[in-house]
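Reading through the structure tokens given below for one structure.
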Amino acid sequence: MPSSRSSQEHARTYRSADGLSLHYVDYDGSDEGIPALCLHGLSRNARDFSELAVRLSKTRRVLALDFRGRGDSQWDDNVVNYQPPTYVADVLTLLAHEELDRVIVVGTSLGGIVGVGLAQVQPERIAGIVLNDIGPVIDPEGLARIGRYVGVNATWRDWQEAAATLQSVNKVVYPDFSEEDWLTYAQNTCRQHEDGSVSQDYDPAIAQGFAESSESNVDLWPVFEAIADIPALVLRGELSDLLSEQTVAAMMARWSKLEAVTVPNRGHVPTLNEPAAVSAIEAFVARVDTVDE
């Protein structure tokens with residue numbers, strides 16, 4: 001029987017191969033299941049996983065990383081490094097730092113691409129992967145929407161003003177959010193300064209890396225073939241403008257170990273606190289534990 005002891009949440013840092021101080025949260029829970037590694041989206045941070053990580057830590061250890069330039073990780077003076085291959089290298093350094101031989105990746109959007117990149121270079125390290133609203137075909141409409149706000153270096157007077165602005169930008173993604181939900185969203189994605197003002201909790205220069213990736217026209221199907229033999233779960237927001245139903249159907253047709261779940265009333269991306277997402281992820285990691293025995 002898995003241990004039911006509650007997790008201990010620890011903020012930790014390590015050094016990337018090029019010397020940056022990178023931050024992660026270690027939810028030191030049960031040691032029964034395969035550890036989970038949570039990787040956030042483009043402009044987000046490890047706080048995205050705070051609720052899910054506590055849930056998962058009932059049956060396993062959970063790590064949630066801040067990519068370079070986000071959250072409490074150091075910003076990179078060389079903006080060329082704000083690209084998936086660098087993030088893959090940073091994650092491999094973290095796995096070596098923590099001496100983790102095998103993990104289940106939970107990757108949101110960009111984090112999912114990084115997880116697939118890990119499977120490309122070291123497939124033996126990936127016991128399973130959860131792809132949160134990301135796949136090998138990325139809808140240009142969703143990319144354009146993200147491009148309109150990422151890297152805009154806005155500063156707001158207080159949390160309420162930040163929440164109101166974020167609601168105006170993202171209400172199509174979370175149409176049922178309450179004012180309290182939007183305040184929580186702001187506090188998870190922004191940072192308050194000594195004078196009380198609030199800004200996005202990332203280096204605005206990440207927009208440059210995003211723009212270069214968006215314009216590269218790389219065919220991602222060969223990249224995603226890295227997970228063909230790995231147990232995988234794709235979660236699609238019902239209202240997503242980045243991952244289409246057609247792409248999910250094509251993924252399902254190609255990969256026999258892939259499961260798909262739609263998260264109702266969500267765009268790009270689900271928070272992973274929705275009941276449909278939580279139940280799907282908990283069932284998936286339990287199955288991966290069994291398969292991996």
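Ordered as shown in the structure tokens, chains take letters A, B, and onward, while each chain numbers its residues from 1 and ligands are numbered from 1 in the order shown.
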
Could you produce a table of the residues of segment 16-75 of chain A lying within 12 Å of segment 134-152 of chain A, with the nearest pair of atoms per residue and their separation in Å rounded to one decimal, using only C-alpha atoms, ordered by chain and increasing residue number, as a tab-separated table?
residue	atom	partner	partner_atom	distance
A:His40	CA	A:Ile134	CA	11.8
A:Gly41	CA	A:Ile134	CA	10.0
A:Leu42	CA	A:Val150	CA	8.5
A:Ser43	CA	A:Val150	CA	7.0
A:Arg44	CA	A:Val150	CA	10.5
A:Gly69	CA	A:Gly151	CA	11.6
A:Arg70	CA	A:Gly151	CA	11.8

I need the residues from that last selection saved to file as a compact mmCIF listing (two decimals), in the first residue's frame (with N, CA and C atoms), if you can.
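Just written: out.txt:
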# COMPACT_ATOMS: atom_id res chain seq x y z
N HIS A 40 6.30 23.68 -16.40
CA HIS A 40 5.26 24.66 -16.68
C HIS A 40 5.31 25.19 -18.11
N GLY A 41 4.35 26.06 -18.42
CA GLY A 41 4.25 26.66 -19.74
C GLY A 41 5.13 27.88 -19.92
N LEU A 42 5.02 28.50 -21.08
CA LEU A 42 5.92 29.55 -21.53
C LEU A 42 6.12 30.67 -20.52
N SER A 43 5.04 31.27 -20.04
CA SER A 43 5.15 32.43 -19.17
C SER A 43 4.76 32.14 -17.73
N ARG A 44 4.75 30.87 -17.36
CA ARG A 44 4.29 30.47 -16.04
C ARG A 44 5.47 30.06 -15.16
N GLY A 69 14.67 32.21 -16.19
CA GLY A 69 13.92 33.40 -16.58
C GLY A 69 12.52 33.47 -16.04
N ARG A 70 12.12 32.48 -15.22
CA ARG A 70 10.78 32.48 -14.64
C ARG A 70 10.85 32.29 -13.14

Val288 of chain A surroundings by only C-alpha atoms, 9 Å radius, close-in-sequence under 3 positions cut, as an MDAnalysis selection string: chainID A and resid 33:34 104 127:128 231 283:285 291:293

Which residue of A:Ser178, A:Asn153, A:Ser21, A:Gln167 approaches Asp201 of chain A most closely, using only C-alpha atoms: A:Asn153

Nearest residue to Glu161 of chain A from the set A:Glu179, A:Glu194, A:Asp48, A:Asp90 (distances using only C-alpha atoms): A:Glu179

Can you pull out every residue within 9 Å of Leu118 of chain A, counting only C-alpha atoms, but drop anything in the same chain fewer than 4 positions away, and send it as a PDB file with N, CA and C atoms, in the first residue's frame?
ATOM      1  N   VAL A  88      15.707  21.566 -21.881  1.00  0.00           N
ATOM      2  CA  VAL A  88      15.947  20.121 -21.770  1.00  0.00           C
ATOM      3  C   VAL A  88      17.253  19.869 -21.030  1.00  0.00           C
ATOM      4  N   ALA A  89      18.296  20.600 -21.396  1.00  0.00           N
ATOM      5  CA  ALA A  89      19.590  20.441 -20.721  1.00  0.00           C
ATOM      6  C   ALA A  89      19.477  20.795 -19.242  1.00  0.00           C
ATOM      7  N   VAL A  91      16.843  20.519 -17.339  1.00  0.00           N
ATOM      8  CA  VAL A  91      16.110  19.460 -16.639  1.00  0.00           C
ATOM      9  C   VAL A  91      17.005  18.254 -16.417  1.00  0.00           C
ATOM     10  N   LEU A  92      17.808  17.896 -17.412  1.00  0.00           N
ATOM     11  CA  LEU A  92      18.723  16.767 -17.244  1.00  0.00           C
ATOM     12  C   LEU A  92      19.727  17.039 -16.121  1.00  0.00           C
ATOM     13  N   ILE A 113       6.529  20.081 -24.473  1.00  0.00           N
ATOM     14  CA  ILE A 113       7.548  19.998 -25.523  1.00  0.00           C
ATOM     15  C   ILE A 113       8.902  19.648 -24.921  1.00  0.00           C
ATOM     16  N   VAL A 114       9.210  20.243 -23.780  1.00  0.00           N
ATOM     17  CA  VAL A 114      10.475  19.920 -23.102  1.00  0.00           C
ATOM     18  C   VAL A 114      10.483  18.450 -22.672  1.00  0.00           C
ATOM     19  N   GLN A 122      17.003  10.993 -23.832  1.00  0.00           N
ATOM     20  CA  GLN A 122      17.193   9.956 -22.814  1.00  0.00           C
ATOM     21  C   GLN A 122      15.854   9.267 -22.518  1.00  0.00           C
ATOM     22  N   PRO A 123      15.356   8.503 -23.476  1.00  0.00           N
ATOM     23  CA  PRO A 123      14.025   7.893 -23.317  1.00  0.00           C
ATOM     24  C   PRO A 123      13.915   6.979 -22.103  1.00  0.00           C
ATOM     25  N   ARG A 125      14.779   7.556 -19.230  1.00  0.00           N
ATOM     26  CA  ARG A 125      14.491   8.321 -18.012  1.00  0.00           C
ATOM     27  C   ARG A 125      12.997   8.612 -17.852  1.00  0.00           C
ATOM     28  N   ILE A 126      12.227   8.452 -18.923  1.00  0.00           N
ATOM     29  CA  ILE A 126      10.824   8.881 -18.928  1.00  0.00           C
ATOM     30  C   ILE A 126       9.920   7.653 -18.835  1.00  0.00           C
ATOM     31  N   ALA A 226       9.214  10.465 -30.334  1.00  0.00           N
ATOM     32  CA  ALA A 226      10.009  10.004 -29.189  1.00  0.00           C
ATOM     33  C   ALA A 226       9.149   9.388 -28.106  1.00  0.00           C
TER      34      ALA A 226
END

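Excluding Tyr82 of chain A itself and any same-chain residue fewer than 2 positions from it, the protein and nucleic acid residues within 7 Å of it, counting only C-alpha atoms, are A:Val79, A:Val80, A:Thr86, A:Ile206, A:Gly209.
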
d(atom CA of Glu180 of chain A, atom CA of Thr155 of chain A) in Å: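 Straight-line distance from atom CA of Glu180 of chain A to atom CA of Thr155 of chain A works out to 20.2 Å.
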
Selection near Ser240 of chain A, 8 Å with only C-alpha atoms, sequence-local residues under 4 positions removed, as a PyMOL selection string: chain A and resi 133+142+173+236+244+266-269

Hey, can you spit out that residue selection with C-alpha atoms as a PDB file, in the first residue's frame?
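Output file again08.pdb is given in full below:
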ATOM      1  CA  ASP A 133      -2.823  20.948 -24.181  1.00  0.00           C
ATOM      2  CA  GLY A 142      -3.390  30.189 -30.477  1.00  0.00           C
ATOM      3  CA  VAL A 173      -9.456  30.420 -21.460  1.00  0.00           C
ATOM      4  CA  ARG A 236      -7.007  18.997 -24.246  1.00  0.00           C
ATOM      5  CA  SER A 244      -7.205  20.869 -32.065  1.00  0.00           C
ATOM      6  CA  ARG A 266     -11.180  25.279 -20.619  1.00  0.00           C
ATOM      7  CA  GLY A 267      -9.036  26.870 -23.297  1.00  0.00           C
ATOM      8  CA  HIS A 268      -5.248  26.861 -23.457  1.00  0.00           C
ATOM      9  CA  VAL A 269      -4.298  25.749 -20.880  1.00  0.00           C
TER      10      VAL A 269
END
